[in-house]
>>> print(open('run-v4.cif').read())   # mmCIF, C-alpha atoms
data_query
#
loop_
_atom_site.label_atom_id
_atom_site.label_comp_id
_atom_site.auth_asym_id
_atom_site.auth_seq_id
_atom_site.Cartn_x
_atom_site.Cartn_y
_atom_site.Cartn_z
CA MET L 204 34.44 -34.10 1.55
CA SER L 205 36.39 -31.76 3.83
CA PRO L 206 37.28 -28.69 1.76
CA SER L 207 40.84 -28.41 3.00
CA GLY L 208 43.31 -29.41 5.67
CA ARG L 209 46.98 -29.41 6.61
CA ILE L 210 49.31 -31.74 8.48
CA VAL L 211 53.02 -31.55 9.30
CA ARG L 212 54.95 -34.62 10.41
CA PRO L 213 58.61 -35.65 10.72
CA ALA L 214 59.96 -37.16 7.50
CA ARG L 215 60.33 -40.65 8.90
CA ARG L 216 58.95 -43.95 7.67
CA GLU L 217 56.81 -44.52 10.74
CA TYR L 218 54.83 -41.34 9.98
CA LEU L 219 54.00 -42.32 6.39
CA PRO L 220 50.72 -44.11 7.25
CA GLU L 221 49.46 -41.05 9.12
CA LEU L 222 50.37 -38.72 6.25
CA VAL L 223 48.68 -40.98 3.70
CA GLU L 224 45.64 -41.43 5.93
CA PHE L 225 45.28 -37.65 6.19
CA ALA L 226 45.56 -37.12 2.43
CA THR L 227 42.95 -39.76 1.63
CA GLN L 228 40.48 -39.09 4.44
CA GLY L 229 38.31 -36.77 2.39
CA VAL L 230 38.33 -39.17 -0.56
CA ARG L 231 37.02 -42.00 1.60
CA GLU L 232 34.29 -39.78 3.04
CA SER L 233 33.24 -38.66 -0.44
CA GLY L 234 32.23 -42.18 -1.44
CA ALA L 235 34.72 -42.33 -4.30
CA GLY L 236 35.43 -45.75 -5.75
CA ALA L 237 38.09 -48.15 -4.49
CA GLU L 238 40.27 -47.50 -7.55
CA THR L 239 40.28 -43.73 -7.02
CA LEU L 240 41.12 -44.17 -3.36
CA HIS L 241 43.88 -46.64 -4.21
CA ASP L 242 45.33 -44.31 -6.84
CA ILE L 243 45.55 -41.34 -4.47
CA ARG L 244 46.88 -43.47 -1.64
CA LEU L 245 49.51 -44.87 -3.99
CA ALA L 246 50.61 -41.47 -5.32
CA VAL L 247 50.85 -39.79 -1.91
CA SER L 248 52.62 -42.81 -0.44
CA GLU L 249 55.17 -42.98 -3.25
CA VAL L 250 55.94 -39.24 -3.11
CA CYS L 251 56.34 -39.24 0.67
CA ALA L 252 58.44 -42.44 0.66
CA ASN L 253 60.74 -40.84 -1.91
CA VAL L 254 61.11 -37.73 0.25
CA VAL L 255 62.08 -39.88 3.25
CA GLU L 256 64.36 -42.34 1.46
CA HIS L 257 65.97 -40.23 -1.25
CA GLY L 258 65.15 -36.59 -0.41
CA TYR L 259 66.35 -36.33 3.16
CA ALA L 260 68.21 -39.66 2.80
CA GLY L 261 68.76 -40.09 6.53
CA GLU L 262 69.31 -36.43 7.26
CA PRO L 263 67.61 -35.80 10.66
CA GLY L 264 65.10 -33.09 11.44
CA GLY L 265 63.27 -32.95 8.11
CA SER L 266 59.53 -32.69 7.85
CA ILE L 267 56.76 -33.27 5.32
CA THR L 268 53.75 -30.98 5.05
CA ILE L 269 50.59 -32.10 3.28
CA GLU L 270 47.73 -29.82 2.36
CA THR L 271 44.56 -31.01 0.68
CA ALA L 272 41.89 -29.05 -1.10
CA ALA L 273 38.76 -30.39 -2.75
CA THR L 274 36.59 -28.39 -5.08
CA ALA L 275 34.04 -29.36 -7.72
CA GLY L 276 34.91 -33.05 -7.75
CA ARG L 277 38.66 -32.52 -7.88
CA LEU L 278 41.18 -33.28 -5.14
CA VAL L 279 44.47 -31.41 -4.96
CA VAL L 280 47.20 -32.67 -2.64
CA ARG L 281 50.20 -30.42 -2.01
CA ILE L 282 53.26 -32.16 -0.54
CA GLU L 283 56.07 -29.94 0.70
CA ASP L 284 59.53 -30.76 2.04
CA ASP L 285 62.81 -29.04 2.84
CA ALA L 286 65.07 -31.62 1.21
CA PRO L 287 67.47 -30.82 -1.64
CA VAL L 288 65.69 -29.81 -4.83
CA PHE L 289 64.65 -32.79 -6.91
CA ASP L 290 62.61 -32.57 -10.09
CA PRO L 291 60.74 -35.88 -10.58
CA SER L 292 60.06 -35.13 -14.24
CA LEU L 293 63.77 -35.76 -14.84
CA VAL L 294 63.60 -39.34 -13.51
CA SER L 295 64.36 -41.91 -16.21
CA PRO L 296 61.37 -44.03 -17.15
CA PRO L 297 61.35 -47.51 -15.61
CA ASP L 298 62.07 -50.67 -17.49
CA ILE L 299 58.62 -52.15 -18.10
CA GLY L 300 59.27 -54.01 -21.31
CA SER L 301 62.17 -56.39 -20.68
CA ASP L 302 61.75 -60.06 -19.92
CA TRP L 303 61.88 -61.17 -16.30
CA GLU L 304 65.59 -61.92 -16.29
CA ARG L 305 66.54 -58.41 -17.38
CA ARG L 306 63.81 -56.52 -15.55
CA GLU L 307 65.09 -53.97 -13.02
CA PRO L 308 62.83 -52.70 -10.23
CA GLY L 309 63.99 -49.06 -10.17
CA HIS L 310 62.02 -45.87 -10.93
CA LEU L 311 58.62 -47.54 -10.61
CA GLY L 312 57.46 -45.19 -7.85
CA TRP L 313 57.43 -41.96 -9.84
CA HIS L 314 56.18 -43.81 -12.93
CA LEU L 315 53.11 -44.91 -10.97
CA VAL L 316 52.55 -41.42 -9.56
CA TYR L 317 52.43 -39.93 -13.06
CA ARG L 318 50.18 -42.72 -14.35
CA VAL L 319 47.51 -42.67 -11.65
CA MET L 320 47.11 -38.92 -11.15
CA ASP L 321 45.58 -36.46 -13.61
CA GLU L 322 48.20 -33.84 -12.85
CA VAL L 323 51.66 -33.94 -11.24
CA ARG L 324 53.60 -30.70 -10.84
CA HIS L 325 56.90 -29.94 -9.12
CA GLU L 326 58.02 -26.54 -7.89
CA PRO L 327 61.36 -25.88 -6.19
CA ARG L 328 61.07 -23.74 -3.05
CA GLY L 329 64.46 -22.11 -3.50
CA GLU L 330 67.93 -23.56 -3.01
CA ARG L 331 66.33 -26.30 -0.91
CA GLY L 332 62.84 -27.63 -0.67
CA ASN L 333 60.24 -29.04 -3.02
CA VAL L 334 56.53 -28.75 -3.57
CA VAL L 335 54.79 -31.56 -5.42
CA ILE L 336 51.21 -30.92 -6.42
CA LEU L 337 49.01 -33.90 -7.24
CA ALA L 338 45.51 -33.52 -8.64
CA LYS L 339 42.81 -35.99 -9.57
CA ARG L 340 39.16 -35.93 -10.47
CA ILE L 341 37.07 -37.47 -7.71
CA GLY L 342 33.93 -39.09 -9.02
CA PRO L 343 31.37 -41.27 -7.26
CA ALA L 344 32.06 -45.00 -7.20
CA SER L 345 29.56 -45.70 -9.96
CA ALA L 346 30.68 -42.94 -12.34
CA PRO L 347 32.23 -44.07 -15.61
CA ALA L 348 35.88 -43.23 -16.18
CA PRO L 349 36.37 -40.04 -18.21
CA GLU L 350 37.42 -40.58 -21.80
CA THR L 351 41.01 -39.64 -22.50
CA MET J 68 50.11 -56.96 6.57
CA ASN J 69 49.84 -60.59 7.57
CA ALA J 70 51.14 -63.55 5.62
CA SER J 71 50.42 -67.21 6.32
CA VAL J 72 51.78 -70.22 4.49
CA GLU J 73 49.88 -73.30 3.28
CA GLY J 74 51.35 -76.28 1.49
CA ARG J 75 49.47 -78.21 -1.21
CA GLY J 76 51.76 -80.94 -2.44
CA ASP J 77 54.89 -79.26 -3.76
CA VAL J 78 53.14 -75.91 -4.15
CA ILE J 79 53.33 -73.34 -1.37
CA ILE J 80 50.54 -70.80 -1.07
CA VAL J 81 51.32 -67.56 0.71
CA HIS J 82 48.05 -65.98 1.83
CA ILE J 83 48.59 -62.25 2.19
CA ALA J 84 46.22 -59.83 3.90
CA GLY J 85 46.38 -56.05 4.24
CA SER J 86 48.74 -53.59 2.58
CA VAL J 87 52.06 -54.34 0.91
CA ASP J 88 54.00 -51.09 1.12
CA GLY J 89 57.30 -49.63 2.24
CA LEU J 90 56.61 -50.58 5.84
CA THR J 91 55.58 -54.19 5.23
CA ALA J 92 57.39 -55.26 2.06
CA GLU J 93 60.46 -56.47 3.95
CA ASP J 94 58.29 -58.78 6.06
CA LEU J 95 56.75 -60.28 2.93
CA GLN J 96 60.17 -60.66 1.33
CA ARG J 97 61.32 -62.62 4.39
CA VAL J 98 58.36 -65.01 4.06
CA PHE J 99 59.03 -65.66 0.36
CA SER J 100 62.81 -65.97 0.83
CA SER J 101 62.38 -68.38 3.70
CA GLU J 102 60.28 -70.68 1.48
CA VAL J 103 62.74 -70.49 -1.41
CA GLU J 104 65.67 -71.22 0.90
CA ALA J 105 63.74 -74.21 2.27
CA GLY J 106 63.64 -75.63 -1.25
CA HIS J 107 60.09 -74.59 -2.12
CA HIS J 108 60.27 -73.04 -5.57
CA LYS J 109 56.64 -73.28 -6.70
CA LEU J 110 54.92 -70.38 -4.97
CA VAL J 111 51.41 -68.95 -5.24
CA ALA J 112 50.81 -65.51 -3.76
CA ASP J 113 47.16 -65.23 -2.72
CA PHE J 114 46.36 -61.53 -3.09
CA GLY J 115 42.64 -61.93 -2.37
CA ALA J 116 42.86 -59.95 0.86
CA VAL J 117 45.45 -57.41 -0.29
CA ASP J 118 43.82 -54.01 -0.52
CA TYR J 119 46.89 -52.05 -1.55
CA THR J 120 50.35 -52.46 -3.01
CA SER J 121 53.02 -49.89 -3.79
CA SER J 122 56.27 -50.05 -5.75
CA ALA J 123 57.88 -51.59 -2.67
CA GLY J 124 55.55 -54.56 -3.06
CA LEU J 125 56.38 -54.83 -6.75
CA ARG J 126 60.09 -55.01 -5.92
CA VAL J 127 59.39 -57.98 -3.63
CA LEU J 128 57.43 -59.76 -6.36
CA LEU J 129 60.19 -59.21 -8.91
CA ALA J 130 62.92 -60.41 -6.54
CA THR J 131 60.90 -63.53 -5.67
CA LEU J 132 60.07 -64.19 -9.31
CA LYS J 133 63.78 -64.19 -10.13
CA GLN J 134 64.61 -66.36 -7.11
CA THR J 135 62.04 -69.03 -8.02
CA ARG J 136 62.51 -69.09 -11.81
CA SER J 137 66.28 -69.33 -11.48
CA ARG J 138 65.58 -72.57 -9.56
CA ASP J 139 63.14 -73.93 -12.17
CA GLY J 140 60.15 -72.80 -10.15
CA ASP J 141 57.81 -69.85 -10.41
CA LEU J 142 55.87 -67.26 -8.44
CA ARG J 143 52.24 -67.06 -9.59
CA LEU J 144 49.66 -64.59 -8.39
CA ALA J 145 46.01 -65.24 -7.61
CA ALA J 146 42.81 -63.36 -6.82
CA LEU J 147 44.07 -59.83 -7.45
CA ARG J 148 41.63 -57.02 -6.72
CA PRO J 149 41.12 -54.71 -9.72
CA GLU J 150 42.95 -51.76 -8.14
CA VAL J 151 45.96 -53.93 -7.30
CA HIS J 152 45.90 -55.55 -10.75
CA LYS J 153 46.03 -52.05 -12.23
CA VAL J 154 49.29 -51.29 -10.39
CA LEU J 155 50.85 -54.46 -11.80
CA GLU J 156 49.59 -53.65 -15.28
CA LEU J 157 50.89 -50.05 -15.22
CA SER J 158 54.28 -51.37 -14.14
CA GLY J 159 54.49 -53.99 -16.88
CA PHE J 160 54.35 -56.84 -14.36
CA THR J 161 51.38 -58.58 -15.96
CA GLY J 162 53.69 -59.27 -18.91
CA ILE J 163 56.19 -61.24 -16.82
CA LEU J 164 54.07 -62.69 -13.98
CA ARG J 165 51.33 -65.26 -14.45
CA VAL J 166 48.11 -64.12 -12.82
CA PHE J 167 45.11 -66.40 -12.09
CA PRO J 168 41.54 -65.63 -11.03
CA THR J 169 41.63 -68.00 -8.04
CA VAL J 170 44.16 -69.72 -5.82
CA ASP J 171 42.94 -73.12 -7.03
CA ASP J 172 43.56 -72.10 -10.65
CA ALA J 173 47.09 -70.99 -9.76
CA VAL J 174 47.84 -74.22 -7.88
CA ARG J 175 46.45 -76.34 -10.74
CA SER J 176 48.67 -74.50 -13.23
CA PHE J 177 51.72 -76.13 -11.62
CA ARG J 178 50.35 -79.68 -12.14
#
>>> encode(input="run-v4.cif", output="structure tokens")
Amino acid sequence: MSPSGRIVRPARREYLPELVEFATQGVRESGAGAETLHDIRLAVSEVCANVVEHGYAGEPGGSITIETAATAGRLVVRIEDDAPVFDPSLVSPPDIGSDWERREPGHLGWHLVYRVMDEVRHEPRGERGNVVILAKRIGPASAPAPET
Amino acid sequence: MNASVEGRGDVIIVHIAGSVDGLTAEDLQRVFSSEVEAGHHKLVADFGAVDYTSSAGLRVLLATLKQTRSRDGDLRLAALRPEVHKVLELSGFTGILRVFPTVDDAVRSFR
């Protein structure tokens, strides 16, 4: 797996595939299982989509920076923006228990990010800007899941 | 993402291939909505060739589930890959959507 890398792209929907592709490239090359790859793709995609849709919310000129670092079977993805400060740990949990008639689709994105990654951390960059750090153990495809 | 439609009696199968995410979810929603508006309320979503879904895809499934059930129909899922099934499970969708191992099983469930 590549030890590290960095990419900066405009915070627009059409750049999301490239950002996600960059963040998951090393995972694919490492031979990690499909579930691990899906989890990381999902988390990076959800964070970046939230930055575009809710962070900048149409404000032009914003960018997203992604840095990856892999050491000792662990991938760390750092996602940085210059949007207004937003702490995802304050997002209300989604409704996942109601019957279909009452079920609302909101807040699923951050819920999934927290569920599929081993670590999710948010750091404000000042009056504006956010850093979200995602980390996950990267095992080979045949490795058993760690006990929790 | 590509979606093609196949009719088997009064059941419509939507064969989906690729990724269902923020860029493609609207296209999939259009396919489902078009079928519902045409009076087809028994839908099977064939996920056999779907390698990825995000929360945007889940929103489409929930909206279509409500559209079909409110018309005495249903949206049933078939052939989910384990990683996609996990996303539905984590989101509580396996408790409200009926999921079948194969498309044939899902179609038969409407009989």
>>> interface_residues(input="run-v4.cif", of="chain L", to="chain J", cutoff="6 Å", atoms="all atoms listed in the file", output="list of chain:residue names")
L:Glu238, L:Ile299, L:Trp303, L:Pro308, L:Leu311, L:Gly312
>>> atom_distance(input="run-v4.cif", atom1="atom CA of J:Asp113", atom2="atom CA of J:Thr169")
8.2 Å
>>> residues_around(input="run-v4.cif", residues="stretch 239-255 of chain L", least_positions_apart="2", cutoff="7 Å", atoms="all atoms listed in the file", output="list in words")
Ala214, Arg215, Arg216, Leu219, Val223, Thr227, Val230, Arg231, Ala235, Gly236, Ala237, His257, Gly258, Tyr259, Ala260, Gly312, Val316 and Val319 of chain L; Tyr119, Ser121 and Glu150 of chain J
>>> write_last_selection(input="run-v4.cif", atoms="C-alpha atoms", output="PDB file, in the frame of the given file")
ATOM      1  CA  ALA L 214      59.960 -37.160   7.500  1.00  0.00           C
ATOM      2  CA  ARG L 215      60.330 -40.650   8.900  1.00  0.00           C
ATOM      3  CA  ARG L 216      58.950 -43.950   7.670  1.00  0.00           C
ATOM      4  CA  LEU L 219      54.000 -42.320   6.390  1.00  0.00           C
ATOM      5  CA  VAL L 223      48.680 -40.980   3.700  1.00  0.00           C
ATOM      6  CA  THR L 227      42.950 -39.760   1.630  1.00  0.00           C
ATOM      7  CA  VAL L 230      38.330 -39.170  -0.560  1.00  0.00           C
ATOM      8  CA  ARG L 231      37.020 -42.000   1.600  1.00  0.00           C
ATOM      9  CA  ALA L 235      34.720 -42.330  -4.300  1.00  0.00           C
ATOM     10  CA  GLY L 236      35.430 -45.750  -5.750  1.00  0.00           C
ATOM     11  CA  ALA L 237      38.090 -48.150  -4.490  1.00  0.00           C
ATOM     12  CA  HIS L 257      65.970 -40.230  -1.250  1.00  0.00           C
ATOM     13  CA  GLY L 258      65.150 -36.590  -0.410  1.00  0.00           C
ATOM     14  CA  TYR L 259      66.350 -36.330   3.160  1.00  0.00           C
ATOM     15  CA  ALA L 260      68.210 -39.660   2.800  1.00  0.00           C
ATOM     16  CA  GLY L 312      57.460 -45.190  -7.850  1.00  0.00           C
ATOM     17  CA  VAL L 316      52.550 -41.420  -9.560  1.00  0.00           C
ATOM     18  CA  VAL L 319      47.510 -42.670 -11.650  1.00  0.00           C
TER      19      VAL L 319
ATOM     20  CA  TYR J 119      46.890 -52.050  -1.550  1.00  0.00           C
ATOM     21  CA  SER J 121      53.020 -49.890  -3.790  1.00  0.00           C
ATOM     22  CA  GLU J 150      42.950 -51.760  -8.140  1.00  0.00           C
TER      23      GLU J 150
END
>>> resolve_selection(input="run-v4.cif", expression="the PyMOL selection byres ((chain J and resi 141) around 9)", output="PyMOL selection string")
chain J and resi 108-111+131-140+142-143+164-165+177
>>> atom_distance(input="run-v4.cif", atom1="atom CA of L:Glu221", atom2="atom CA of J:Ala116")
21.7 Å
>>> atom_distance(input="run-v4.cif", atom1="atom CA of L:Ala286", atom2="atom CA of L:Glu262")
8.8 Å
>>> resolve_selection(input="run-v4.cif", expression="the PyMOL selection byres ((chain L and resi 336) around 10)", output="NGL selection string")
:L and (247 or 269-271 or 279-283 or 322-326 or 333-335 or 337-338)
>>> closest_residue(input="run-v4.cif", among="J:Ala70, J:Val166, J:Ile79, J:Ala173", to="J:Gln96", atoms="only C-alpha atoms")
J:Ala70
>>> closest_residue(input="run-v4.cif", among="J:Ala105, J:Val117, J:Ile80, J:Val98", to="J:Asp171", atoms="all atoms listed in the file")
J:Ile80
>>> closest_residue(input="run-v4.cif", among="J:Ser100, J:Val72, J:Arg175, J:Phe114", to="J:Val87", atoms="only C-alpha atoms")
J:Phe114
>>> residues_near_point(input="run-v4.cif", point="(53.6, -77.2, -8.0)", cutoff="7 Å", atoms="all atoms listed in the file", output="number ranges by chain")
J: 76-78, 109, 174, 177-178
>>> write_last_selection(input="run-v4.cif", atoms="C-alpha atoms", output="short mmCIF file (atom, residue, chain, number, x, y, z; two decimals), keeping the file's coordinate frame")
data_model
loop_
_atom_site.label_atom_id
_atom_site.label_comp_id
_atom_site.auth_asym_id
_atom_site.auth_seq_id
_atom_site.Cartn_x
_atom_site.Cartn_y
_atom_site.Cartn_z
CA GLY J 76 51.76 -80.94 -2.44
CA ASP J 77 54.89 -79.26 -3.76
CA VAL J 78 53.14 -75.91 -4.15
CA LYS J 109 56.64 -73.28 -6.70
CA VAL J 174 47.84 -74.22 -7.88
CA PHE J 177 51.72 -76.13 -11.62
CA ARG J 178 50.35 -79.68 -12.14
#
>>> closest_residue(input="run-v4.cif", among="L:Glu224, L:Glu307, L:Asp321, L:Glu256", to="L:Lys339", atoms="only C-alpha atoms")
L:Asp321
>>> closest_residue(input="run-v4.cif", among="L:Arg318, L:Asp290, L:Arg209, L:Arg331", to="L:Thr268", atoms="only C-alpha atoms")
L:Arg209
